[in-house]
Amino acid sequence: MKNDFKIKNPFKKNKDVPSTKEKKQFKMLSAFTILLLIIAFIIFISWILKWSGVSVIDDKNESHDIVALGIFDLFIAPINGFVSGAEIIVFLVALGGFLNIVICSKALEGFSQNITSALKGKEIWAIIPLMVFFSIVGSAEGMAEESLGFYMICIPLMMAAGFDKLTGFMIVLLGAGVGVMNSTVNPFAIGVAVDTINGSGAGIETSVGDGLVWRLTSWFVMTTASIIFVMWYSWRVKMNPQKSVVFKTMEEDKKFFLNEAAEKIDMNWKRKLTLVFFGLTFILMIFYMVGWDSILGYDNKTSYGPFYKFGEWINTNIPYLSSQAEGFGNGGFIVVSAIFLLSSIVLGLVNGLGEDGFLDQFMAGAKDLFGVCLVIAVAGGIGWALEKSLIQQLVVSGLASSIGGINSSIGILIILFILFIPLSLFIPSTSGFARAVFPLLGGVLAKDSDVLASGSITAFSMANGFINLFTPTSGIIMAAIGIAKIDYTKFFKVMWPILVILFILSIVMISIGGAIGGNIA
């Protein structure tokens, strides 16, 4: 039973393939290091602004000098960021443990194999359900590190069907990536951005439900465009293998990937039940995170909605079920974390892991996402440093006088989208970006909060997701390229047409959404 939960390490070197001396390559700095350097830079800037006698005007029209931060504050900042981001960090721990138990059960692996075998002879049509699946998970959960295990599933499957390795590679990358780019209720992007905007002190109240309809529409449009692109590329390569940019290494790739192909997974009752619980857990998370009362026109301050009232009824009348959990759409990461923890325990029982096996698998998954937790903490430290030094107020006034001077809300959203792209190069983490940048935008978004609050979140999700489809500063991208044994230049040669299409579609969808406005967009 225990051997069923071993995963073949995709990074393990194949002993059958002759090794060649690898050239020493330039190593990109990690997101953690980049964010820490940004805090150090903020501290240095605070000294210069302090020496220059720069001051800011607060809401009460009182003048305050810039506060110079100290060297030791560089280490205090991430600790404060950890505290401020405690809820999402706890959620990450629960999510990481849950996903690892699901992946180790091989239920998802068997599911993808069944899709391909059911379409025997028409494998090109397997691209559609696979990419839709990855895109849904990416949009709902922010599929990133956990996508790495699927490259060694999809690449051999697609190569066995007569396509090249880039077909399998793009199924995972574009499927999950475009899903993240068009996040609907992704807690790492949408959830953190909503929480950060609401806590910006600008008096803005928004929810995950605001803009959800348009994010779903954008998800459908861009996922469809990506699927068409991958199907066009795969059909073109199958008709003429020389069209593949990796044609020269195709024989070598077949020897490596097909020899490494995963064994046929038997979808027994345990794996089927695991798959059902996997789907139900994410469906429950989606429905719980959406602000249903807000969509129905209630603010739960002056008028209480039915979902809020139902949660209160449960707490009062059935306290033995729960006396603390808020109703659907009114709770946060703490309750969702408890949902994933409960699902993890259930899946541990279903798969017969036992106490030791469950703890091993759960802790391994939590450890895999701890790096993301550190990124969130350090990113939160940026916000803390900007706030304590009063540079945040200085930047806000600068944004208000530049972007805020634009009368068109659509124009502001488009400019924000374009500005978010280069900023995302330095902060690839979606949740880290949201916590670092959105505190600076409260004053600008307050100009037309009905449009700009949800619209800026959509622009941020698209911009950050777009750059993370190809940026070499992303550890996920570079790891995926390493797994697929693809040269970065060849990877970009294939990707640039769809990147242009996605960029244009983002501008179009943001513009139309801004024109619609309201809770819809």
# chains A, B, ... in the order shown; residues from 1 in each chain; ligands from 1
>>> residues_around(residues="A:Lys367", least_positions_apart="4", cutoff="10 Å", atoms="only C-alpha atoms", output="list of chain:residue names")
A:Leu92, A:Val93, A:Gly96, A:Gly97, A:Gln361, A:Phe362, A:Met363, A:Gly371, A:Val372, A:Cys373
>>> select_by_dssp(residues="stretch 139-375 of chain A", states="alpha helix (DSSP H)", output="PyMOL selection string")
chain A and resi 139-141+148-160+165-181+192-198+212-239+250-253+259+269-289+292-295+306-317+333-350+354-368+370-375
>>> residues_around(residues="A:Phe150", least_positions_apart="3", cutoff="10 Å", atoms="only C-alpha atoms", output="number ranges by chain")
A: 10, 103, 108-109, 112, 134, 146-147, 153-155, 168-169, 171-173, 480
>>> write_last_selection(atoms="all heavy atoms", output="CSV table (one decimal), in the first residue's frame")
chain,number,residue,atom,x,y,z
A,10,PRO,N,10.8,13.7,-11.4
A,10,PRO,CA,11.1,14.1,-12.7
A,10,PRO,C,12.5,14.8,-12.9
A,10,PRO,O,12.9,15.0,-14.0
A,10,PRO,CB,10.0,15.1,-13.0
A,10,PRO,CG,9.6,15.6,-11.7
A,10,PRO,CD,9.8,14.5,-10.7
A,103,ILE,N,-2.1,14.2,-5.2
A,103,ILE,CA,-1.2,13.9,-6.3
A,103,ILE,C,-0.5,12.5,-6.0
A,103,ILE,O,-0.3,11.7,-6.9
A,103,ILE,CB,-0.1,15.0,-6.4
A,103,ILE,CG1,-0.7,16.3,-7.0
A,103,ILE,CG2,1.1,14.6,-7.3
A,103,ILE,CD1,0.2,17.5,-7.0
A,108,LEU,N,-5.2,11.9,-10.1
A,108,LEU,CA,-5.2,12.9,-11.2
A,108,LEU,C,-4.4,12.3,-12.4
A,108,LEU,O,-4.8,12.6,-13.6
A,108,LEU,CB,-4.5,14.2,-10.8
A,108,LEU,CG,-5.3,15.0,-9.7
A,108,LEU,CD1,-4.5,16.2,-9.3
A,108,LEU,CD2,-6.7,15.4,-10.2
A,109,GLU,N,-3.3,11.6,-12.1
A,109,GLU,CA,-2.6,11.0,-13.2
A,109,GLU,C,-3.4,10.0,-14.0
A,109,GLU,O,-3.4,9.9,-15.2
A,109,GLU,CB,-1.3,10.3,-12.6
A,109,GLU,CG,-0.3,9.8,-13.6
A,109,GLU,CD,0.9,9.2,-12.9
A,109,GLU,OE1,1.1,9.5,-11.7
A,109,GLU,OE2,1.7,8.5,-13.6
A,112,SER,N,-6.1,11.7,-16.2
A,112,SER,CA,-5.5,12.3,-17.5
A,112,SER,C,-5.3,11.1,-18.5
A,112,SER,O,-5.5,11.3,-19.7
A,112,SER,CB,-4.3,13.1,-17.3
A,112,SER,OG,-3.2,12.3,-16.8
A,134,PHE,N,-6.7,21.9,-16.5
A,134,PHE,CA,-5.6,22.7,-15.9
A,134,PHE,C,-6.0,24.2,-15.7
A,134,PHE,O,-5.7,24.8,-14.7
A,134,PHE,CB,-4.4,22.6,-16.8
A,134,PHE,CG,-3.7,21.3,-16.7
A,134,PHE,CD1,-3.5,20.5,-17.8
A,134,PHE,CD2,-3.3,20.7,-15.5
A,134,PHE,CE1,-2.8,19.3,-17.8
A,134,PHE,CE2,-2.7,19.5,-15.4
A,134,PHE,CZ,-2.5,18.8,-16.6
A,146,GLU,N,2.5,22.9,-8.1
A,146,GLU,CA,1.9,21.6,-8.3
A,146,GLU,C,1.8,21.2,-9.7
A,146,GLU,O,1.5,20.0,-10.0
A,146,GLU,CB,0.6,21.5,-7.6
A,146,GLU,CG,-0.5,22.5,-8.0
A,146,GLU,CD,-0.4,23.9,-7.3
A,146,GLU,OE1,0.7,24.2,-6.8
A,146,GLU,OE2,-1.4,24.5,-7.3
A,147,SER,N,1.9,22.1,-10.7
A,147,SER,CA,1.8,21.8,-12.1
A,147,SER,C,3.0,21.0,-12.6
A,147,SER,O,3.0,20.3,-13.6
A,147,SER,CB,1.6,23.0,-12.9
A,147,SER,OG,2.7,23.8,-12.9
A,153,ILE,N,3.7,13.7,-17.2
A,153,ILE,CA,2.6,12.9,-17.6
A,153,ILE,C,2.1,13.2,-19.0
A,153,ILE,O,2.0,12.3,-19.9
A,153,ILE,CB,1.4,13.1,-16.6
A,153,ILE,CG1,1.8,12.7,-15.2
A,153,ILE,CG2,0.2,12.3,-17.0
A,153,ILE,CD1,0.8,13.1,-14.1
A,154,CYS,N,1.9,14.5,-19.2
A,154,CYS,CA,1.4,15.0,-20.5
A,154,CYS,C,2.4,14.9,-21.7
A,154,CYS,O,2.0,14.5,-22.8
A,154,CYS,CB,0.9,16.4,-20.4
A,154,CYS,SG,-0.6,16.6,-19.4
A,155,ILE,N,3.7,15.1,-21.4
A,155,ILE,CA,4.7,15.0,-22.5
A,155,ILE,C,4.8,13.6,-23.1
A,155,ILE,O,4.7,13.4,-24.3
A,155,ILE,CB,6.1,15.6,-22.0
A,155,ILE,CG1,6.0,17.1,-21.8
A,155,ILE,CG2,7.2,15.2,-23.0
A,155,ILE,CD1,7.3,17.7,-21.2
A,168,GLY,N,2.8,18.5,-25.3
A,168,GLY,CA,2.5,18.2,-23.9
A,168,GLY,C,2.9,19.3,-23.0
A,168,GLY,O,2.2,19.5,-22.0
A,169,PHE,N,4.0,19.9,-23.3
A,169,PHE,CA,4.5,21.0,-22.4
A,169,PHE,C,3.5,22.2,-22.4
A,169,PHE,O,3.2,22.7,-21.3
A,169,PHE,CB,5.9,21.5,-23.0
A,169,PHE,CG,6.4,22.7,-22.3
A,169,PHE,CD1,7.2,22.5,-21.1
A,169,PHE,CD2,6.3,24.0,-22.7
A,169,PHE,CE1,7.7,23.6,-20.4
A,169,PHE,CE2,6.8,25.0,-22.1
A,169,PHE,CZ,7.6,24.8,-20.9
A,171,ILE,N,0.3,22.1,-23.1
A,171,ILE,CA,-1.0,21.7,-22.5
A,171,ILE,C,-1.0,22.1,-21.0
A,171,ILE,O,-2.0,22.7,-20.5
A,171,ILE,CB,-1.2,20.2,-22.7
A,171,ILE,CG1,-1.6,19.9,-24.1
A,171,ILE,CG2,-2.3,19.8,-21.7
A,171,ILE,CD1,-1.7,18.4,-24.4
A,172,VAL,N,0.1,21.8,-20.3
A,172,VAL,CA,0.2,22.2,-18.9
A,172,VAL,C,0.5,23.6,-18.7
A,172,VAL,O,-0.2,24.3,-17.9
A,172,VAL,CB,1.3,21.3,-18.2
A,172,VAL,CG1,1.3,21.6,-16.7
A,172,VAL,CG2,1.1,19.8,-18.5
A,173,LEU,N,1.5,24.2,-19.4
A,173,LEU,CA,1.9,25.6,-19.2
A,173,LEU,C,0.8,26.5,-19.5
A,173,LEU,O,0.4,27.4,-18.7
A,173,LEU,CB,3.1,25.9,-20.0
A,173,LEU,CG,3.6,27.3,-19.9
A,173,LEU,CD1,4.2,27.6,-18.5
A,173,LEU,CD2,4.7,27.6,-20.9
A,480,ALA,N,10.0,24.0,-15.3
A,480,ALA,CA,9.3,23.3,-16.3
A,480,ALA,C,10.1,23.1,-17.6
A,480,ALA,O,10.1,22.0,-18.2
A,480,ALA,CB,8.0,24.1,-16.6
>>> residues_around(residues="A:Leu69", least_positions_apart="6", cutoff="8 Å", atoms="only C-alpha atoms", output="ChimeraX atom specification")
/A:43,46-47,385,388-389
>>> closest_residue(among="A:Ile481, A:Val346, A:Leu416, A:Met509", to="A:Trp219", atoms="only C-alpha atoms")
A:Met509
>>> residues_around(residues="stretch 309-319 of chain A", least_positions_apart="3", cutoff="10 Å", atoms="only C-alpha atoms", output="list in words")
Asp293, Asn300, Tyr304, Gly305, Pro306, Ser322, Ser323, Gln324, Ala325, Glu326, Gly327, Phe328, Gly329, Asn330 and Gly331 of chain A
>>> write_last_selection(atoms="C-alpha atoms", output="compact mmCIF listing (two decimals), in the first residue's frame")
# COMPACT_ATOMS: atom_id res chain seq x y z
CA ASP A 293 -24.66 38.65 -0.47
CA ASN A 300 -23.95 42.99 5.58
CA TYR A 304 -27.85 41.57 6.10
CA GLY A 305 -28.03 39.09 3.24
CA PRO A 306 -29.47 35.55 3.30
CA SER A 322 -20.07 25.01 14.11
CA SER A 323 -20.48 28.07 16.26
CA GLN A 324 -17.63 30.06 14.68
CA ALA A 325 -17.69 29.61 10.88
CA GLU A 326 -19.20 32.51 8.94
CA GLY A 327 -21.81 31.94 6.24
CA PHE A 328 -20.94 31.43 2.58
CA GLY A 329 -19.26 34.49 1.08
CA ASN A 330 -18.63 36.06 4.48
CA GLY A 331 -15.67 34.07 5.77
>>> residues_around(residues="A:Thr489", least_positions_apart="5", cutoff="12 Å", atoms="only C-alpha atoms", output="list in words")
Val245, Val246, Phe470, Thr471, Pro472, Ile481, Val494, Met495 and Trp496 of chain A
>>> write_last_selection(atoms="N, CA and C atoms", output="PDB file, in the first residue's frame")
ATOM      1  N   VAL A 245      10.060  22.928 -33.636  1.00  0.00           N
ATOM      2  CA  VAL A 245      11.331  23.596 -33.332  1.00  0.00           C
ATOM      3  C   VAL A 245      12.288  22.655 -32.614  1.00  0.00           C
ATOM      4  N   VAL A 246      11.784  21.507 -32.145  1.00  0.00           N
ATOM      5  CA  VAL A 246      12.641  20.522 -31.486  1.00  0.00           C
ATOM      6  C   VAL A 246      12.780  19.275 -32.352  1.00  0.00           C
ATOM      7  N   PHE A 470       6.152  33.381 -19.265  1.00  0.00           N
ATOM      8  CA  PHE A 470       7.422  33.272 -19.994  1.00  0.00           C
ATOM      9  C   PHE A 470       8.624  33.895 -19.292  1.00  0.00           C
ATOM     10  N   THR A 471       8.426  34.635 -18.201  1.00  0.00           N
ATOM     11  CA  THR A 471       9.559  35.322 -17.588  1.00  0.00           C
ATOM     12  C   THR A 471      10.598  34.353 -17.020  1.00  0.00           C
ATOM     13  N   PRO A 472      11.888  34.586 -17.297  1.00  0.00           N
ATOM     14  CA  PRO A 472      12.933  33.731 -16.713  1.00  0.00           C
ATOM     15  C   PRO A 472      13.135  33.973 -15.223  1.00  0.00           C
ATOM     16  N   ILE A 481      10.830  24.153 -17.966  1.00  0.00           N
ATOM     17  CA  ILE A 481      11.708  24.051 -19.136  1.00  0.00           C
ATOM     18  C   ILE A 481      12.787  22.994 -18.906  1.00  0.00           C
ATOM     19  N   VAL A 494       8.254  29.386 -29.947  1.00  0.00           N
ATOM     20  CA  VAL A 494       6.929  28.791 -30.102  1.00  0.00           C
ATOM     21  C   VAL A 494       5.867  29.645 -29.416  1.00  0.00           C
ATOM     22  N   MET A 495       6.217  30.244 -28.299  1.00  0.00           N
ATOM     23  CA  MET A 495       5.237  30.911 -27.449  1.00  0.00           C
ATOM     24  C   MET A 495       4.862  32.322 -27.904  1.00  0.00           C
ATOM     25  N   TRP A 496       5.748  33.019 -28.617  1.00  0.00           N
ATOM     26  CA  TRP A 496       5.503  34.449 -28.831  1.00  0.00           C
ATOM     27  C   TRP A 496       4.188  34.761 -29.555  1.00  0.00           C
TER      28      TRP A 496
END
>>> residues_around(residues="A:Ala379", least_positions_apart="2", cutoff="10 Å", atoms="only C-alpha atoms", output="number ranges by chain")
A: 31-32, 34-36, 38-39, 77-78, 81-82, 85, 373-377, 381-384, 427, 429, 431-437
>>> atom_distance(atom1="atom CA of A:Lys264", atom2="atom CA of A:Phe282")
26.3 Å
>>> closest_residue(among="A:Leu280, A:Leu499, A:Ile334, A:Ala515", to="A:Gly411", atoms="only C-alpha atoms")
A:Ala515
>>> closest_residue(among="A:Leu390, A:Asp65, A:Ser55, A:Ala484", to="A:Tyr151", atoms="only C-alpha atoms")
A:Ala484
>>> atom_distance(atom1="atom CA of A:Thr217", atom2="atom CA of A:Arg236")
28.8 Å
>>> decode(residues="stretch 313-348 of chain A", atoms="N, CA, C and O atoms", output="PDB file, in the first residue's frame")
ATOM      1  N   TRP A 313     -27.561  31.605  11.673  1.00  0.00           N
ATOM      2  CA  TRP A 313     -28.537  30.609  12.132  1.00  0.00           C
ATOM      3  C   TRP A 313     -27.843  29.315  12.520  1.00  0.00           C
ATOM      4  O   TRP A 313     -28.166  28.701  13.538  1.00  0.00           O
ATOM      5  N   ILE A 314     -26.885  28.883  11.689  1.00  0.00           N
ATOM      6  CA  ILE A 314     -26.124  27.659  11.995  1.00  0.00           C
ATOM      7  C   ILE A 314     -25.387  27.826  13.322  1.00  0.00           C
ATOM      8  O   ILE A 314     -25.415  26.936  14.196  1.00  0.00           O
ATOM      9  N   ASN A 315     -24.695  28.954  13.495  1.00  0.00           N
ATOM     10  CA  ASN A 315     -23.905  29.186  14.707  1.00  0.00           C
ATOM     11  C   ASN A 315     -24.773  29.203  15.965  1.00  0.00           C
ATOM     12  O   ASN A 315     -24.345  28.773  17.040  1.00  0.00           O
ATOM     13  N   THR A 316     -26.008  29.690  15.804  1.00  0.00           N
ATOM     14  CA  THR A 316     -26.905  29.813  16.965  1.00  0.00           C
ATOM     15  C   THR A 316     -27.671  28.532  17.251  1.00  0.00           C
ATOM     16  O   THR A 316     -27.790  28.105  18.415  1.00  0.00           O
ATOM     17  N   ASN A 317     -28.184  27.901  16.198  1.00  0.00           N
ATOM     18  CA  ASN A 317     -29.080  26.759  16.374  1.00  0.00           C
ATOM     19  C   ASN A 317     -28.407  25.397  16.275  1.00  0.00           C
ATOM     20  O   ASN A 317     -28.915  24.413  16.792  1.00  0.00           O
ATOM     21  N   ILE A 318     -27.280  25.332  15.560  1.00  0.00           N
ATOM     22  CA  ILE A 318     -26.554  24.060  15.464  1.00  0.00           C
ATOM     23  C   ILE A 318     -25.094  24.308  15.856  1.00  0.00           C
ATOM     24  O   ILE A 318     -24.167  24.109  15.048  1.00  0.00           O
ATOM     25  N   PRO A 319     -24.851  24.778  17.081  1.00  0.00           N
ATOM     26  CA  PRO A 319     -23.466  25.097  17.480  1.00  0.00           C
ATOM     27  C   PRO A 319     -22.557  23.881  17.506  1.00  0.00           C
ATOM     28  O   PRO A 319     -21.332  24.018  17.416  1.00  0.00           O
ATOM     29  N   TYR A 320     -23.168  22.663  17.614  1.00  0.00           N
ATOM     30  CA  TYR A 320     -22.346  21.453  17.651  1.00  0.00           C
ATOM     31  C   TYR A 320     -21.786  21.107  16.275  1.00  0.00           C
ATOM     32  O   TYR A 320     -20.858  20.310  16.168  1.00  0.00           O
ATOM     33  N   LEU A 321     -22.353  21.725  15.231  1.00  0.00           N
ATOM     34  CA  LEU A 321     -21.761  21.621  13.891  1.00  0.00           C
ATOM     35  C   LEU A 321     -20.686  22.679  13.751  1.00  0.00           C
ATOM     36  O   LEU A 321     -19.547  22.388  13.397  1.00  0.00           O
ATOM     37  N   SER A 322     -21.035  23.910  14.056  1.00  0.00           N
ATOM     38  CA  SER A 322     -20.066  25.007  14.115  1.00  0.00           C
ATOM     39  C   SER A 322     -20.721  26.218  14.758  1.00  0.00           C
ATOM     40  O   SER A 322     -21.863  26.558  14.437  1.00  0.00           O
ATOM     41  N   SER A 323     -19.992  26.829  15.650  1.00  0.00           N
ATOM     42  CA  SER A 323     -20.477  28.065  16.257  1.00  0.00           C
ATOM     43  C   SER A 323     -19.605  29.251  15.877  1.00  0.00           C
ATOM     44  O   SER A 323     -19.835  30.369  16.330  1.00  0.00           O
ATOM     45  N   GLN A 324     -18.594  29.014  15.001  1.00  0.00           N
ATOM     46  CA  GLN A 324     -17.632  30.062  14.677  1.00  0.00           C
ATOM     47  C   GLN A 324     -17.512  30.355  13.177  1.00  0.00           C
ATOM     48  O   GLN A 324     -17.093  31.446  12.799  1.00  0.00           O
ATOM     49  N   ALA A 325     -17.862  29.409  12.318  1.00  0.00           N
ATOM     50  CA  ALA A 325     -17.690  29.608  10.876  1.00  0.00           C
ATOM     51  C   ALA A 325     -18.736  30.572  10.333  1.00  0.00           C
ATOM     52  O   ALA A 325     -19.930  30.437  10.615  1.00  0.00           O
ATOM     53  N   GLU A 326     -18.282  31.561   9.550  1.00  0.00           N
ATOM     54  CA  GLU A 326     -19.198  32.511   8.941  1.00  0.00           C
ATOM     55  C   GLU A 326     -19.920  31.861   7.767  1.00  0.00           C
ATOM     56  O   GLU A 326     -19.472  30.861   7.221  1.00  0.00           O
ATOM     57  N   GLY A 327     -21.039  32.461   7.352  1.00  0.00           N
ATOM     58  CA  GLY A 327     -21.809  31.939   6.235  1.00  0.00           C
ATOM     59  C   GLY A 327     -21.074  32.076   4.919  1.00  0.00           C
ATOM     60  O   GLY A 327     -20.072  32.795   4.817  1.00  0.00           O
ATOM     61  N   PHE A 328     -21.562  31.415   3.900  1.00  0.00           N
ATOM     62  CA  PHE A 328     -20.941  31.431   2.576  1.00  0.00           C
ATOM     63  C   PHE A 328     -20.767  32.867   2.087  1.00  0.00           C
ATOM     64  O   PHE A 328     -21.698  33.668   2.126  1.00  0.00           O
ATOM     65  N   GLY A 329     -19.553  33.165   1.608  1.00  0.00           N
ATOM     66  CA  GLY A 329     -19.260  34.485   1.076  1.00  0.00           C
ATOM     67  C   GLY A 329     -18.893  35.501   2.131  1.00  0.00           C
ATOM     68  O   GLY A 329     -18.585  36.652   1.808  1.00  0.00           O
ATOM     69  N   ASN A 330     -18.907  35.112   3.400  1.00  0.00           N
ATOM     70  CA  ASN A 330     -18.627  36.059   4.482  1.00  0.00           C
ATOM     71  C   ASN A 330     -17.394  35.677   5.290  1.00  0.00           C
ATOM     72  O   ASN A 330     -16.953  36.451   6.133  1.00  0.00           O
ATOM     73  N   GLY A 331     -16.852  34.501   5.053  1.00  0.00           N
ATOM     74  CA  GLY A 331     -15.667  34.066   5.771  1.00  0.00           C
ATOM     75  C   GLY A 331     -14.408  34.342   4.979  1.00  0.00           C
ATOM     76  O   GLY A 331     -14.437  34.964   3.925  1.00  0.00           O
ATOM     77  N   GLY A 332     -13.301  33.881   5.472  1.00  0.00           N
ATOM     78  CA  GLY A 332     -12.022  34.124   4.808  1.00  0.00           C
ATOM     79  C   GLY A 332     -11.174  32.872   4.736  1.00  0.00           C
ATOM     80  O   GLY A 332     -11.682  31.742   4.716  1.00  0.00           O
ATOM     81  N   PHE A 333      -9.865  33.080   4.733  1.00  0.00           N
ATOM     82  CA  PHE A 333      -8.923  31.990   4.549  1.00  0.00           C
ATOM     83  C   PHE A 333      -8.917  30.987   5.701  1.00  0.00           C
ATOM     84  O   PHE A 333      -8.580  29.824   5.508  1.00  0.00           O
ATOM     85  N   ILE A 334      -9.275  31.433   6.906  1.00  0.00           N
ATOM     86  CA  ILE A 334      -9.241  30.525   8.050  1.00  0.00           C
ATOM     87  C   ILE A 334     -10.240  29.377   7.855  1.00  0.00           C
ATOM     88  O   ILE A 334      -9.905  28.203   8.022  1.00  0.00           O
ATOM     89  N   VAL A 335     -11.477  29.713   7.472  1.00  0.00           N
ATOM     90  CA  VAL A 335     -12.499  28.693   7.271  1.00  0.00           C
ATOM     91  C   VAL A 335     -12.154  27.805   6.080  1.00  0.00           C
ATOM     92  O   VAL A 335     -12.307  26.581   6.132  1.00  0.00           O
ATOM     93  N   VAL A 336     -11.655  28.415   4.992  1.00  0.00           N
ATOM     94  CA  VAL A 336     -11.271  27.636   3.812  1.00  0.00           C
ATOM     95  C   VAL A 336     -10.119  26.696   4.155  1.00  0.00           C
ATOM     96  O   VAL A 336     -10.077  25.554   3.689  1.00  0.00           O
ATOM     97  N   SER A 337      -9.195  27.151   4.985  1.00  0.00           N
ATOM     98  CA  SER A 337      -8.089  26.288   5.426  1.00  0.00           C
ATOM     99  C   SER A 337      -8.622  25.081   6.173  1.00  0.00           C
ATOM    100  O   SER A 337      -8.130  23.960   5.995  1.00  0.00           O
ATOM    101  N   ALA A 338      -9.632  25.309   7.009  1.00  0.00           N
ATOM    102  CA  ALA A 338     -10.234  24.203   7.754  1.00  0.00           C
ATOM    103  C   ALA A 338     -10.916  23.212   6.815  1.00  0.00           C
ATOM    104  O   ALA A 338     -10.888  21.996   7.048  1.00  0.00           O
ATOM    105  N   ILE A 339     -11.510  23.728   5.728  1.00  0.00           N
ATOM    106  CA  ILE A 339     -12.144  22.850   4.734  1.00  0.00           C
ATOM    107  C   ILE A 339     -11.101  21.935   4.095  1.00  0.00           C
ATOM    108  O   ILE A 339     -11.310  20.724   3.957  1.00  0.00           O
ATOM    109  N   PHE A 340      -9.947  22.499   3.713  1.00  0.00           N
ATOM    110  CA  PHE A 340      -8.886  21.694   3.096  1.00  0.00           C
ATOM    111  C   PHE A 340      -8.272  20.723   4.099  1.00  0.00           C
ATOM    112  O   PHE A 340      -7.892  19.604   3.729  1.00  0.00           O
ATOM    113  N   LEU A 341      -8.145  21.131   5.351  1.00  0.00           N
ATOM    114  CA  LEU A 341      -7.614  20.222   6.372  1.00  0.00           C
ATOM    115  C   LEU A 341      -8.554  19.037   6.568  1.00  0.00           C
ATOM    116  O   LEU A 341      -8.114  17.884   6.627  1.00  0.00           O
ATOM    117  N   LEU A 342      -9.856  19.313   6.654  1.00  0.00           N
ATOM    118  CA  LEU A 342     -10.839  18.245   6.805  1.00  0.00           C
ATOM    119  C   LEU A 342     -10.808  17.302   5.605  1.00  0.00           C
ATOM    120  O   LEU A 342     -10.814  16.067   5.767  1.00  0.00           O
ATOM    121  N   SER A 343     -10.739  17.861   4.385  1.00  0.00           N
ATOM    122  CA  SER A 343     -10.683  17.035   3.176  1.00  0.00           C
ATOM    123  C   SER A 343      -9.417  16.191   3.145  1.00  0.00           C
ATOM    124  O   SER A 343      -9.443  15.039   2.689  1.00  0.00           O
ATOM    125  N   SER A 344      -8.310  16.748   3.619  1.00  0.00           N
ATOM    126  CA  SER A 344      -7.048  15.998   3.659  1.00  0.00           C
ATOM    127  C   SER A 344      -7.165  14.782   4.567  1.00  0.00           C
ATOM    128  O   SER A 344      -6.697  13.684   4.234  1.00  0.00           O
ATOM    129  N   ILE A 345      -7.790  14.980   5.724  1.00  0.00           N
ATOM    130  CA  ILE A 345      -7.959  13.868   6.668  1.00  0.00           C
ATOM    131  C   ILE A 345      -8.852  12.786   6.059  1.00  0.00           C
ATOM    132  O   ILE A 345      -8.560  11.589   6.161  1.00  0.00           O
ATOM    133  N   VAL A 346      -9.938  13.209   5.404  1.00  0.00           N
ATOM    134  CA  VAL A 346     -10.841  12.253   4.762  1.00  0.00           C
ATOM    135  C   VAL A 346     -10.103  11.455   3.693  1.00  0.00           C
ATOM    136  O   VAL A 346     -10.234  10.225   3.603  1.00  0.00           O
ATOM    137  N   LEU A 347      -9.290  12.140   2.871  1.00  0.00           N
ATOM    138  CA  LEU A 347      -8.546  11.459   1.812  1.00  0.00           C
ATOM    139  C   LEU A 347      -7.485  10.530   2.394  1.00  0.00           C
ATOM    140  O   LEU A 347      -7.166   9.485   1.805  1.00  0.00           O
ATOM    141  N   GLY A 348      -6.917  10.915   3.535  1.00  0.00           N
ATOM    142  CA  GLY A 348      -5.971  10.022   4.208  1.00  0.00           C
ATOM    143  C   GLY A 348      -6.636   8.722   4.628  1.00  0.00           C
ATOM    144  O   GLY A 348      -6.058   7.642   4.491  1.00  0.00           O
TER     145      GLY A 348
END
